[in-house]
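Chemist: One structure is given below, represented as structure tokens, and several questions about it will come after.
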Amino acid sequence: MATETKSFTCVQCPMGCPLTVTLEDGVVKGVTGNTCPRGAKYGAAEATHPERVVTSLVGVVGDHHPVSVKTAGPVPKETVDAVLDQISATEVRLPVHIGDVVVRDVAGTGVDVVCTKSRER
Amino acid sequence: MGVRNLSCDVLVVGGGAAGLSAANAAADKGAKVLIVEREGELGGILNQCIHNGFGLHRFGEELTGPEFANKDEVKVEANPSIEVELGCSVLELAHDGDRLRATVSSEALGLAHVSCGAIVLACGCRERTRGQINIAGGRPAGVYTAGSAQKLINVDGALVGKRVVILGSGDIGLIMARRMTWEGAKVLMVCELASEPGGLRRNIQQCLVDNDIPLYLSRTVTQVFGHDRLEAVELADVDPATMRPIPGTEQRVECDTLLLSVGLIPENELAKTIGIKIDRATSGPAVDESLETSVPGIFVAGNELHVHDLADYVSEEGEVAGRNAAEFALGERKAGTADIEVVKGENVGGMTPQHVTGSAEGVTIRFRPRKRIQGAEIRVTSAGELVKRARRMIVVPSEMQTIELSADDMAKVTGPIEVSCTPVANGKKGA
């Protein structure tokens with residue numbers, strides 16, 4: 001049985017509790033150092049499957065002003081670079097509207113990239 | 001050529017988070033509203049804040065800046081009582097009999113006068129610049145305030161540099177460290193003059209640690225090198241006691257871009273044209289609990305009042321200012337007759353309101369703690385008697401604190417109100 005510990009600073013509030021997460025065969029066995037339940041939840045998630053929402057820009061055909069986009073939900077942290085690469089290779093045609101999908105299943109994450117800005121022209 | 005004359009009940013200066021919510025709140029009260037916005041679109045600074053984390057308090061979901069702004073823009077556009085002038089600057093405010101008058105200018109209107117019953121100032125804030133922090137050297141291209149770089153990248157689609165040093169660990173500096181990394185630049189480091197980071201921990205983790213960008217505390221930029229374009233900066237360690245660079249610790253770092261995230265100041269040049277009294281602690285207008293300034297009928301909200309860390313509270317203030325401005329303009333406002341000073345006690349920095357007049361039911365006090373306290377108690381007293389207290393697990397200067405006084409609380413007020421924020425006496429951490 002492989003036991004390991006991972007340490008993080010909790011980011012749920014300005015307290016910044018030093019969290020230590022104990023894992024056995026990749027399964028969370030305990031979180032210490034937290035002051036509140038939110039810290040325990042964050043520590044467990046960060047130790048096993050850290051996720052981030054990625055926000056970026058896509059080019060617009062025929063215009064140098066980009067359109068802002070985001071992943072519609074969090075993606076695994078280790079896929080962030082691949083997600084950014086695919087977003088930066090994407091161009092859209094106006095008009096676009098908030099929520100329009102510009103990349104489906106970005107970098108194989110199962111998450112779409114959507115516009116966060118509406119632009120008619 | 002004649003000067004055009006426009007008229008409205010409530011003039012809102014600025015179409016960002018505070019102005020949009022003020023306009024909606026004023027129109028809901030039955031006022032005819034005009035929003036004057038300098039830029040070519042509504043949304044203000046939110047347009048360039050493409051990162052997420054907005055709206056958790058107000059909408060219960062995490063939105064990006066443009067999405068947050070859009071929620072209010074949609075309401076403004078759908079409301080026939082609200083008109084919007086884009087690309088329009090307000091030059092001056094003046095009294096006009098028992099009304100107020102703004103001199104405005106735009107390509108569409110030329111020079112125009114707007115006669116109004118009340119005004120909401122929502123002009124936001126400005127960044128402190130290189131000139132305000134005394135960095136030696138020439139004037140090469142490549143030195144930007146973090147917010148200017150943010151606009152150039154996120155709105156105008158221009159990456160401002162490839163090898164970047166960031167001075168200042170405020171949230172905009174941290175956000176820009178990630179933004180520039182994600183857009184393909186190499187961010188070498190973030191330096192912070194103070195011994196504690198300025199921004200939220202969440203941003204230090206997700207913007208710097210996630211992207212392997214080092215943060216150096218007690219270190220600053222002392223000189224820039226380069227003629228046409230920035231070639232390098234000189235860094236030096238800072239003595240935390242004197243806040244001055246330590247001779248002999250200088251280090252040269254090659255870079256083509258320096259971003260400055262060294263503080264924000266409420267924008268009050270327009271407010272000064274009509275003699276509005278400015279509070280030295282917040283650098284914004286002194287207000288009462290209705291957010292009315294020293295000039296009757298002129299209200300203020302958002303970063304022009306005091307620099308916020310969350311847009312959600314900017315919108316909340318906008319609603320208060322907009323509602324009260326509408327009541328003033330429509331002659332429905334209950335005038336405050338009291339003049340109770342609100343005094344900054346221990347560990348309380350900039351605070352609003354500066355005085356209470358009895359013009360609203362309750363009072364929302366917002367302030368910045370001067371220092372970090374784990375296990376803190378906020379105490380509101382009047383003439384030595386406790387009016388309200390609240391515990392916080394932690395307070396830090398980078399997070400504004402809010403405490404609400406109800407009408408019942410206000411009934412206990414017999415003299416000046418004092419607010420303090422101190423460690424909990426028995427050491428017990430409150431929830």
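Residue numbering restarts at 1 in every chain; chains get A, B, ... in the order shown in the structure tokens, and ligands count up from 1 in that same order.
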Taking only C-alpha atoms into account, what are the residues of chain A at most 9 Å from chain B, put as a PDB file with N, CA and C atoms, in the first residue's frame?
Modeler:
ATOM      1  N   THR A   9      -1.322  25.405  -0.005  1.00  0.00           N
ATOM      2  CA  THR A   9      -1.919  26.515   0.736  1.00  0.00           C
ATOM      3  C   THR A   9      -3.367  26.600   0.272  1.00  0.00           C
ATOM      4  N   CYS A  10      -4.289  26.575   1.231  1.00  0.00           N
ATOM      5  CA  CYS A  10      -5.709  26.653   0.869  1.00  0.00           C
ATOM      6  C   CYS A  10      -6.008  28.039   0.289  1.00  0.00           C
ATOM      7  N   VAL A  11      -6.815  28.096  -0.773  1.00  0.00           N
ATOM      8  CA  VAL A  11      -7.122  29.389  -1.415  1.00  0.00           C
ATOM      9  C   VAL A  11      -8.592  29.772  -1.248  1.00  0.00           C
ATOM     10  N   GLN A  12      -9.305  29.085  -0.364  1.00  0.00           N
ATOM     11  CA  GLN A  12     -10.735  29.340  -0.240  1.00  0.00           C
ATOM     12  C   GLN A  12     -11.044  30.667   0.454  1.00  0.00           C
ATOM     13  N   CYS A  13     -10.123  31.172   1.270  1.00  0.00           N
ATOM     14  CA  CYS A  13     -10.321  32.455   1.934  1.00  0.00           C
ATOM     15  C   CYS A  13      -8.949  33.007   2.290  1.00  0.00           C
ATOM     16  N   PRO A  14      -8.865  34.244   2.809  1.00  0.00           N
ATOM     17  CA  PRO A  14      -7.538  34.837   3.062  1.00  0.00           C
ATOM     18  C   PRO A  14      -6.749  34.166   4.192  1.00  0.00           C
ATOM     19  N   MET A  15      -7.373  33.260   4.948  1.00  0.00           N
ATOM     20  CA  MET A  15      -6.646  32.555   6.012  1.00  0.00           C
ATOM     21  C   MET A  15      -5.414  31.865   5.454  1.00  0.00           C
ATOM     22  N   GLY A  16      -5.568  31.215   4.291  1.00  0.00           N
ATOM     23  CA  GLY A  16      -4.440  30.526   3.673  1.00  0.00           C
ATOM     24  C   GLY A  16      -3.907  29.394   4.528  1.00  0.00           C
ATOM     25  N   ARG A  52      -9.144  23.681 -13.373  1.00  0.00           N
ATOM     26  CA  ARG A  52      -9.151  25.131 -13.551  1.00  0.00           C
ATOM     27  C   ARG A  52     -10.111  25.488 -14.684  1.00  0.00           C
ATOM     28  N   VAL A  53     -10.762  26.652 -14.530  1.00  0.00           N
ATOM     29  CA  VAL A  53     -11.469  27.234 -15.673  1.00  0.00           C
ATOM     30  C   VAL A  53     -10.436  28.040 -16.452  1.00  0.00           C
ATOM     31  N   VAL A  54     -10.368  27.827 -17.768  1.00  0.00           N
ATOM     32  CA  VAL A  54      -9.410  28.557 -18.604  1.00  0.00           C
ATOM     33  C   VAL A  54     -10.145  29.689 -19.316  1.00  0.00           C
ATOM     34  N   THR A  55      -9.593  30.902 -19.200  1.00  0.00           N
ATOM     35  CA  THR A  55     -10.158  32.035 -19.948  1.00  0.00           C
ATOM     36  C   THR A  55      -9.087  32.531 -20.911  1.00  0.00           C
ATOM     37  N   SER A  56      -9.487  32.845 -22.131  1.00  0.00           N
ATOM     38  CA  SER A  56      -8.511  33.298 -23.124  1.00  0.00           C
ATOM     39  C   SER A  56      -9.232  34.086 -24.214  1.00  0.00           C
ATOM     40  N   LEU A  57      -8.576  34.191 -25.375  1.00  0.00           N
ATOM     41  CA  LEU A  57      -9.100  34.999 -26.482  1.00  0.00           C
ATOM     42  C   LEU A  57      -9.058  34.183 -27.756  1.00  0.00           C
ATOM     43  N   GLY A  59      -9.181  34.788 -32.117  1.00  0.00           N
ATOM     44  CA  GLY A  59      -9.109  35.803 -33.159  1.00  0.00           C
ATOM     45  C   GLY A  59     -10.437  35.924 -33.890  1.00  0.00           C
ATOM     46  N   HIS A  64      -8.918  42.938 -35.888  1.00  0.00           N
ATOM     47  CA  HIS A  64      -7.846  42.618 -34.945  1.00  0.00           C
ATOM     48  C   HIS A  64      -8.291  42.580 -33.490  1.00  0.00           C
ATOM     49  N   HIS A  65      -9.514  43.005 -33.208  1.00  0.00           N
ATOM     50  CA  HIS A  65     -10.003  42.895 -31.827  1.00  0.00           C
ATOM     51  C   HIS A  65     -10.464  41.468 -31.553  1.00  0.00           C
ATOM     52  N   PRO A  66      -9.865  40.804 -30.564  1.00  0.00           N
ATOM     53  CA  PRO A  66     -10.251  39.416 -30.294  1.00  0.00           C
ATOM     54  C   PRO A  66     -11.584  39.340 -29.533  1.00  0.00           C
ATOM     55  N   VAL A  67     -12.097  38.132 -29.401  1.00  0.00           N
ATOM     56  CA  VAL A  67     -13.300  37.880 -28.595  1.00  0.00           C
ATOM     57  C   VAL A  67     -12.879  37.012 -27.416  1.00  0.00           C
ATOM     58  N   SER A  68     -13.348  37.367 -26.223  1.00  0.00           N
ATOM     59  CA  SER A  68     -12.975  36.609 -25.033  1.00  0.00           C
ATOM     60  C   SER A  68     -13.802  35.327 -24.937  1.00  0.00           C
ATOM     61  N   VAL A  69     -13.134  34.269 -24.442  1.00  0.00           N
ATOM     62  CA  VAL A  69     -13.777  32.956 -24.326  1.00  0.00           C
ATOM     63  C   VAL A  69     -13.389  32.313 -22.997  1.00  0.00           C
ATOM     64  N   LYS A  70     -14.115  31.255 -22.636  1.00  0.00           N
ATOM     65  CA  LYS A  70     -13.759  30.477 -21.446  1.00  0.00           C
ATOM     66  C   LYS A  70     -14.156  29.026 -21.675  1.00  0.00           C
ATOM     67  N   LYS A  77      -6.208  20.298 -14.630  1.00  0.00           N
ATOM     68  CA  LYS A  77      -5.104  21.257 -14.666  1.00  0.00           C
ATOM     69  C   LYS A  77      -4.034  20.855 -15.672  1.00  0.00           C
ATOM     70  N   ASP A  81      -2.430  23.607 -20.915  1.00  0.00           N
ATOM     71  CA  ASP A  81      -1.600  24.015 -22.054  1.00  0.00           C
ATOM     72  C   ASP A  81      -2.225  23.579 -23.384  1.00  0.00           C
ATOM     73  N   LEU A  84      -5.188  25.786 -24.155  1.00  0.00           N
ATOM     74  CA  LEU A  84      -4.780  27.106 -24.649  1.00  0.00           C
ATOM     75  C   LEU A  84      -4.308  27.020 -26.099  1.00  0.00           C
ATOM     76  N   SER A  88      -5.951  29.111 -29.127  1.00  0.00           N
ATOM     77  CA  SER A  88      -5.220  30.130 -29.888  1.00  0.00           C
ATOM     78  C   SER A  88      -5.192  29.812 -31.379  1.00  0.00           C
ATOM     79  N   ILE A  98     -22.716  35.643 -26.302  1.00  0.00           N
ATOM     80  CA  ILE A  98     -22.312  34.978 -25.062  1.00  0.00           C
ATOM     81  C   ILE A  98     -22.891  33.563 -25.046  1.00  0.00           C
ATOM     82  N   THR A 116     -17.530  34.668 -24.129  1.00  0.00           N
ATOM     83  CA  THR A 116     -17.981  35.374 -22.934  1.00  0.00           C
ATOM     84  C   THR A 116     -18.367  36.816 -23.270  1.00  0.00           C
ATOM     85  N   LYS A 117     -18.431  37.111 -24.579  1.00  0.00           N
ATOM     86  CA  LYS A 117     -18.748  38.471 -25.005  1.00  0.00           C
ATOM     87  C   LYS A 117     -19.602  38.377 -26.270  1.00  0.00           C
ATOM     88  N   SER A 118     -20.603  39.231 -26.373  1.00  0.00           N
ATOM     89  CA  SER A 118     -21.398  39.313 -27.597  1.00  0.00           C
ATOM     90  C   SER A 118     -20.861  40.443 -28.460  1.00  0.00           C
TER      91      SER A 118
END
Chemist: Extract the full set of strand (DSSP E or B) residues from chain A according to DSSP on the backbone, and format it as JSON, numbers by chain.
Modeler: {"A": [3, 4, 5, 6, 7, 8, 9, 18, 19, 20, 21, 22, 23, 24, 27, 28, 29, 30, 31, 32, 51, 52, 55, 56, 57, 58, 59, 60, 63, 64, 65, 66, 67, 68, 69, 70, 71, 75, 76, 91, 92, 96, 101, 102, 103, 113, 114, 115, 119]}
Chemist: Pick the closest to B:Pro214 from B:Glu127, B:Cys255, B:Val187, B:Gly198: which is it, counting only C-alpha atoms?
Modeler: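 Answer, going by the shortest atom-to-atom distance: B:Val187.
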Chemist: Just want the 8 Å neighbourhood of A:Glu24, counted on only C-alpha atoms, with same-chain residues fewer than 2 positions away dropped. Output as a compact mmCIF listing (two decimals) with N, CA and C atoms, in the first residue's frame.
Modeler:
# COMPACT_ATOMS: atom_id res chain seq x y z
N MET A 1 0.85 -1.19 0.00
CA MET A 1 0.00 0.00 0.00
C MET A 1 0.89 1.24 0.00
N ALA A 2 0.68 2.11 -0.99
CA ALA A 2 1.53 3.30 -1.11
C ALA A 2 0.88 4.49 -0.42
N THR A 3 1.56 5.04 0.57
CA THR A 3 1.05 6.22 1.26
C THR A 3 1.87 7.43 0.81
N GLU A 4 1.16 8.50 0.47
CA GLU A 4 1.91 9.73 0.16
C GLU A 4 1.17 10.93 0.74
N THR A 22 -3.29 13.37 3.00
CA THR A 22 -2.70 12.03 3.02
C THR A 22 -3.47 11.13 2.05
N GLY A 26 -3.60 6.61 -3.95
CA GLY A 26 -4.32 7.64 -4.69
C GLY A 26 -5.67 8.02 -4.11
N VAL A 27 -6.06 7.39 -2.99
CA VAL A 27 -7.35 7.71 -2.38
C VAL A 27 -7.10 8.57 -1.14
N VAL A 28 -7.88 9.66 -1.01
CA VAL A 28 -7.69 10.58 0.11
C VAL A 28 -8.09 9.90 1.42
N LYS A 29 -7.12 9.87 2.35
CA LYS A 29 -7.41 9.29 3.65
C LYS A 29 -7.63 10.36 4.71
Chemist: Can you work out which one of A:Ala89, A:Val21, A:Ala82, A:Val60 has the shortest atom-to-atom distance to A:Ala45, counting only C-alpha atoms?
Modeler: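 Residue with the minimum atom-to-atom distance to A:Ala45: A:Val21.
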Chemist: I'd like the neighbourhood of B:Arg389 as a VMD selection string, where a residue qualifies if any of its atoms comes within 12 Å (using only C-alpha atoms), though same-chain residues fewer than 6 positions away should be ignored.
Modeler: chain B and resid 376 to 381 402 to 405 409 418 to 422 424 430
Chemist: Emit the selected residues as a PDB file, in the first residue's frame, including N, CA and C atoms.
Modeler:
ATOM      1  N   ALA B 376     -10.559  38.195  14.493  1.00  0.00           N
ATOM      2  CA  ALA B 376     -10.778  39.636  14.692  1.00  0.00           C
ATOM      3  C   ALA B 376     -12.214  39.913  15.107  1.00  0.00           C
ATOM      4  N   GLU B 377     -12.379  41.025  15.807  1.00  0.00           N
ATOM      5  CA  GLU B 377     -13.720  41.480  16.151  1.00  0.00           C
ATOM      6  C   GLU B 377     -13.889  42.907  15.638  1.00  0.00           C
ATOM      7  N   ILE B 378     -14.975  43.122  14.889  1.00  0.00           N
ATOM      8  CA  ILE B 378     -15.317  44.469  14.444  1.00  0.00           C
ATOM      9  C   ILE B 378     -16.299  45.013  15.472  1.00  0.00           C
ATOM     10  N   ARG B 379     -15.973  46.159  16.039  1.00  0.00           N
ATOM     11  CA  ARG B 379     -16.854  46.758  17.057  1.00  0.00           C
ATOM     12  C   ARG B 379     -17.315  48.129  16.593  1.00  0.00           C
ATOM     13  N   VAL B 380     -18.612  48.336  16.678  1.00  0.00           N
ATOM     14  CA  VAL B 380     -19.170  49.650  16.370  1.00  0.00           C
ATOM     15  C   VAL B 380     -19.710  50.210  17.681  1.00  0.00           C
ATOM     16  N   THR B 381     -19.200  51.357  18.113  1.00  0.00           N
ATOM     17  CA  THR B 381     -19.650  51.948  19.372  1.00  0.00           C
ATOM     18  C   THR B 381     -20.108  53.383  19.124  1.00  0.00           C
ATOM     19  N   THR B 402     -17.300  44.635   5.539  1.00  0.00           N
ATOM     20  CA  THR B 402     -18.610  45.290   5.552  1.00  0.00           C
ATOM     21  C   THR B 402     -19.315  44.954   6.853  1.00  0.00           C
ATOM     22  N   ILE B 403     -19.924  45.952   7.465  1.00  0.00           N
ATOM     23  CA  ILE B 403     -20.796  45.675   8.617  1.00  0.00           C
ATOM     24  C   ILE B 403     -22.055  46.519   8.472  1.00  0.00           C
ATOM     25  N   GLU B 404     -23.205  45.844   8.616  1.00  0.00           N
ATOM     26  CA  GLU B 404     -24.495  46.517   8.400  1.00  0.00           C
ATOM     27  C   GLU B 404     -25.095  46.904   9.746  1.00  0.00           C
ATOM     28  N   LEU B 405     -25.551  48.144   9.848  1.00  0.00           N
ATOM     29  CA  LEU B 405     -26.279  48.578  11.040  1.00  0.00           C
ATOM     30  C   LEU B 405     -27.752  48.732  10.659  1.00  0.00           C
ATOM     31  N   ASP B 409     -30.226  49.015  15.368  1.00  0.00           N
ATOM     32  CA  ASP B 409     -28.863  49.347  15.811  1.00  0.00           C
ATOM     33  C   ASP B 409     -28.699  50.863  15.885  1.00  0.00           C
ATOM     34  N   GLU B 418     -17.991  55.076  16.317  1.00  0.00           N
ATOM     35  CA  GLU B 418     -16.594  54.671  16.129  1.00  0.00           C
ATOM     36  C   GLU B 418     -16.539  53.204  15.723  1.00  0.00           C
ATOM     37  N   VAL B 419     -15.713  52.903  14.722  1.00  0.00           N
ATOM     38  CA  VAL B 419     -15.553  51.528  14.241  1.00  0.00           C
ATOM     39  C   VAL B 419     -14.113  51.100  14.487  1.00  0.00           C
ATOM     40  N   SER B 420     -13.943  49.928  15.115  1.00  0.00           N
ATOM     41  CA  SER B 420     -12.599  49.399  15.324  1.00  0.00           C
ATOM     42  C   SER B 420     -12.571  47.934  14.915  1.00  0.00           C
ATOM     43  N   CYS B 421     -11.381  47.425  14.696  1.00  0.00           N
ATOM     44  CA  CYS B 421     -11.220  46.046  14.240  1.00  0.00           C
ATOM     45  C   CYS B 421      -9.984  45.500  14.947  1.00  0.00           C
ATOM     46  N   THR B 422     -10.215  44.711  15.981  1.00  0.00           N
ATOM     47  CA  THR B 422      -9.114  44.315  16.867  1.00  0.00           C
ATOM     48  C   THR B 422      -9.132  42.805  17.107  1.00  0.00           C
ATOM     49  N   VAL B 424      -9.726  39.328  18.815  1.00  0.00           N
ATOM     50  CA  VAL B 424     -10.730  38.906  19.785  1.00  0.00           C
ATOM     51  C   VAL B 424     -10.038  38.766  21.137  1.00  0.00           C
ATOM     52  N   GLY B 430     -13.698  33.527  16.070  1.00  0.00           N
ATOM     53  CA  GLY B 430     -15.120  33.593  15.754  1.00  0.00           C
ATOM     54  C   GLY B 430     -15.404  32.989  14.396  1.00  0.00           C
TER      55      GLY B 430
END
Chemist: To one decimal place, how far is atom CA of B:Gln223 from atom CA of B:Asp171 in Å?
Modeler: 23.5 Å
Chemist: Which one of B:Glu234, B:Ala390, B:Gly2, B:Leu260 sits closest to B:Ala136 if you count only C-alpha atoms?
Modeler: B:Glu234
Chemist: Check stretch 154-390 of chain B with DSSP on the backbone and list each residue it calls helix (DSSP H, G or I), as a ChimeraX atom specification.
Modeler: /B:154,171-182,201-211,269-272,302-304,311-329
Chemist: For the residues in that selection, give me N, CA and C atoms as a short mmCIF file (atom, residue, chain, number, x, y, z; two decimals), in the first residue's frame.
Modeler:
data_model
loop_
_atom_site.label_atom_id
_atom_site.label_comp_id
_atom_site.auth_asym_id
_atom_site.auth_seq_id
_atom_site.Cartn_x
_atom_site.Cartn_y
_atom_site.Cartn_z
N ASN B 154 -6.30 42.21 -24.08
CA ASN B 154 -7.61 41.55 -24.06
C ASN B 154 -8.65 42.22 -24.95
N ASP B 171 -3.88 42.40 -7.24
CA ASP B 171 -4.58 41.40 -8.05
C ASP B 171 -4.41 41.61 -9.56
N ILE B 172 -4.36 42.86 -10.01
CA ILE B 172 -4.23 43.07 -11.46
C ILE B 172 -2.87 42.57 -11.93
N GLY B 173 -1.82 42.80 -11.12
CA GLY B 173 -0.49 42.32 -11.48
C GLY B 173 -0.45 40.80 -11.57
N LEU B 174 -1.10 40.14 -10.61
CA LEU B 174 -1.12 38.67 -10.60
C LEU B 174 -1.91 38.13 -11.79
N ILE B 175 -3.06 38.72 -12.02
CA ILE B 175 -3.91 38.29 -13.14
C ILE B 175 -3.15 38.46 -14.46
N MET B 176 -2.40 39.57 -14.57
CA MET B 176 -1.66 39.82 -15.81
C MET B 176 -0.47 38.88 -15.97
N ALA B 177 0.08 38.41 -14.86
CA ALA B 177 1.18 37.44 -14.94
C ALA B 177 0.69 36.17 -15.64
N ARG B 178 -0.49 35.71 -15.25
CA ARG B 178 -1.07 34.51 -15.89
C ARG B 178 -1.50 34.81 -17.32
N ARG B 179 -2.15 35.95 -17.48
CA ARG B 179 -2.66 36.31 -18.81
C ARG B 179 -1.52 36.32 -19.85
N MET B 180 -0.40 36.98 -19.50
CA MET B 180 0.70 37.11 -20.45
C MET B 180 1.37 35.76 -20.68
N THR B 181 1.47 34.94 -19.64
CA THR B 181 2.02 33.59 -19.80
C THR B 181 1.15 32.79 -20.74
N TRP B 182 -0.14 32.86 -20.53
CA TRP B 182 -1.08 32.09 -21.36
C TRP B 182 -1.12 32.59 -22.80
N ARG B 201 -4.94 35.28 -2.05
CA ARG B 201 -4.18 34.03 -2.08
C ARG B 201 -4.55 33.16 -3.27
N ARG B 202 -5.82 33.18 -3.59
CA ARG B 202 -6.30 32.41 -4.72
C ARG B 202 -5.55 32.81 -5.99
N ASN B 203 -5.32 34.12 -6.16
CA ASN B 203 -4.60 34.58 -7.35
C ASN B 203 -3.12 34.24 -7.29
N ILE B 204 -2.53 34.26 -6.10
CA ILE B 204 -1.11 33.88 -6.00
C ILE B 204 -0.97 32.41 -6.41
N GLN B 205 -1.86 31.57 -5.93
CA GLN B 205 -1.80 30.14 -6.29
C GLN B 205 -2.08 29.94 -7.78
N GLN B 206 -3.22 30.45 -8.24
CA GLN B 206 -3.67 30.07 -9.58
C GLN B 206 -2.98 30.87 -10.69
N CYS B 207 -2.44 32.05 -10.37
CA CYS B 207 -1.76 32.83 -11.41
C CYS B 207 -0.26 32.61 -11.39
N LEU B 208 0.35 32.58 -10.20
CA LEU B 208 1.80 32.45 -10.11
C LEU B 208 2.25 31.01 -9.92
N VAL B 209 1.83 30.36 -8.84
CA VAL B 209 2.32 29.00 -8.53
C VAL B 209 2.00 28.04 -9.67
N ASP B 210 0.77 28.09 -10.18
CA ASP B 210 0.37 27.20 -11.28
C ASP B 210 1.28 27.36 -12.49
N ASN B 211 1.81 28.57 -12.69
CA ASN B 211 2.60 28.85 -13.89
C ASN B 211 4.10 29.00 -13.60
N GLU B 269 -11.46 63.89 -10.64
CA GLU B 269 -11.22 65.19 -11.26
C GLU B 269 -12.53 65.90 -11.57
N LEU B 270 -13.52 65.13 -12.04
CA LEU B 270 -14.81 65.73 -12.36
C LEU B 270 -15.51 66.22 -11.07
N ALA B 271 -15.44 65.39 -10.03
CA ALA B 271 -16.07 65.76 -8.75
C ALA B 271 -15.52 67.08 -8.24
N LYS B 272 -14.23 67.31 -8.48
CA LYS B 272 -13.60 68.54 -7.96
C LYS B 272 -14.10 69.78 -8.69
N GLY B 302 -19.01 52.86 -6.27
CA GLY B 302 -17.97 52.03 -6.89
C GLY B 302 -16.57 52.54 -6.60
N ASN B 303 -15.67 52.29 -7.57
CA ASN B 303 -14.26 52.61 -7.34
C ASN B 303 -13.99 54.11 -7.28
N GLU B 304 -14.93 54.93 -7.73
CA GLU B 304 -14.73 56.38 -7.56
C GLU B 304 -14.92 56.76 -6.09
N ALA B 311 -16.27 43.25 -7.67
CA ALA B 311 -17.23 43.99 -8.50
C ALA B 311 -18.65 43.87 -7.94
N ASP B 312 -18.94 42.74 -7.30
CA ASP B 312 -20.28 42.53 -6.75
C ASP B 312 -20.70 43.66 -5.82
N TYR B 313 -19.75 44.12 -4.99
CA TYR B 313 -20.07 45.18 -4.03
C TYR B 313 -20.12 46.54 -4.71
N VAL B 314 -19.42 46.68 -5.83
CA VAL B 314 -19.52 47.89 -6.65
C VAL B 314 -20.95 48.03 -7.16
N SER B 315 -21.49 46.93 -7.67
CA SER B 315 -22.87 46.94 -8.18
C SER B 315 -23.86 47.26 -7.06
N GLU B 316 -23.62 46.67 -5.90
CA GLU B 316 -24.49 46.90 -4.75
C GLU B 316 -24.52 48.40 -4.40
N GLU B 317 -23.35 49.02 -4.38
CA GLU B 317 -23.27 50.46 -4.10
C GLU B 317 -23.97 51.26 -5.19
N GLY B 318 -23.79 50.84 -6.44
CA GLY B 318 -24.44 51.53 -7.55
C GLY B 318 -25.95 51.56 -7.36
N GLU B 319 -26.51 50.44 -6.92
CA GLU B 319 -27.95 50.37 -6.70
C GLU B 319 -28.39 51.37 -5.64
N VAL B 320 -27.64 51.45 -4.56
CA VAL B 320 -27.97 52.39 -3.48
C VAL B 320 -27.91 53.83 -3.99
N ALA B 321 -26.82 54.16 -4.68
CA ALA B 321 -26.65 55.53 -5.18
C ALA B 321 -27.74 55.87 -6.21
N GLY B 322 -28.04 54.92 -7.10
CA GLY B 322 -29.04 55.14 -8.14
C GLY B 322 -30.43 55.36 -7.57
N ARG B 323 -30.79 54.54 -6.59
CA ARG B 323 -32.11 54.63 -5.96
C ARG B 323 -32.26 55.98 -5.25
N ASN B 324 -31.23 56.35 -4.51
CA ASN B 324 -31.31 57.62 -3.77
C ASN B 324 -31.28 58.83 -4.70
N ALA B 325 -30.51 58.73 -5.79
CA ALA B 325 -30.47 59.83 -6.75
C ALA B 325 -31.84 60.02 -7.39
N ALA B 326 -32.51 58.91 -7.70
CA ALA B 326 -33.85 58.99 -8.29
C ALA B 326 -34.83 59.65 -7.33
N GLU B 327 -34.77 59.23 -6.07
CA GLU B 327 -35.68 59.82 -5.07
C GLU B 327 -35.41 61.31 -4.91
N PHE B 328 -34.14 61.68 -4.95
CA PHE B 328 -33.78 63.11 -4.84
C PHE B 328 -34.36 63.88 -6.02
N ALA B 329 -34.14 63.35 -7.23
CA ALA B 329 -34.57 64.05 -8.44
C ALA B 329 -36.08 64.17 -8.52
#
Chemist: Write out as a PyMOL selection string each polymer residue whose atoms come within 7 Å of B:Glu192, counting only C-alpha atoms; drop sequence neighbours fewer than 3 positions from it.
Modeler: chain B and resi 167-169+197+216-220
Chemist: Which residue, A:Cys17, A:Ala72, A:Val58, A:Cys115, has the smallest gap to A:Gly43 when you use only C-alpha atoms?
Modeler: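 Distance minimum relative to A:Gly43 lands on A:Cys17.
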Chemist: What is the atom CA of B:Val143-atom CA of B:Ser195 distance in Å, reported with one decimal?
Modeler: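 Separation of atom CA of B:Val143 and atom CA of B:Ser195: 23.7 Å.
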Chemist: Rounded to one decimal in Å, what is the spacing between atom CA of B:Val12 and atom CA of B:Ala102?
Modeler: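 According to the coordinates, atom CA of B:Val12 and atom CA of B:Ala102 are separated by 10.6 Å.
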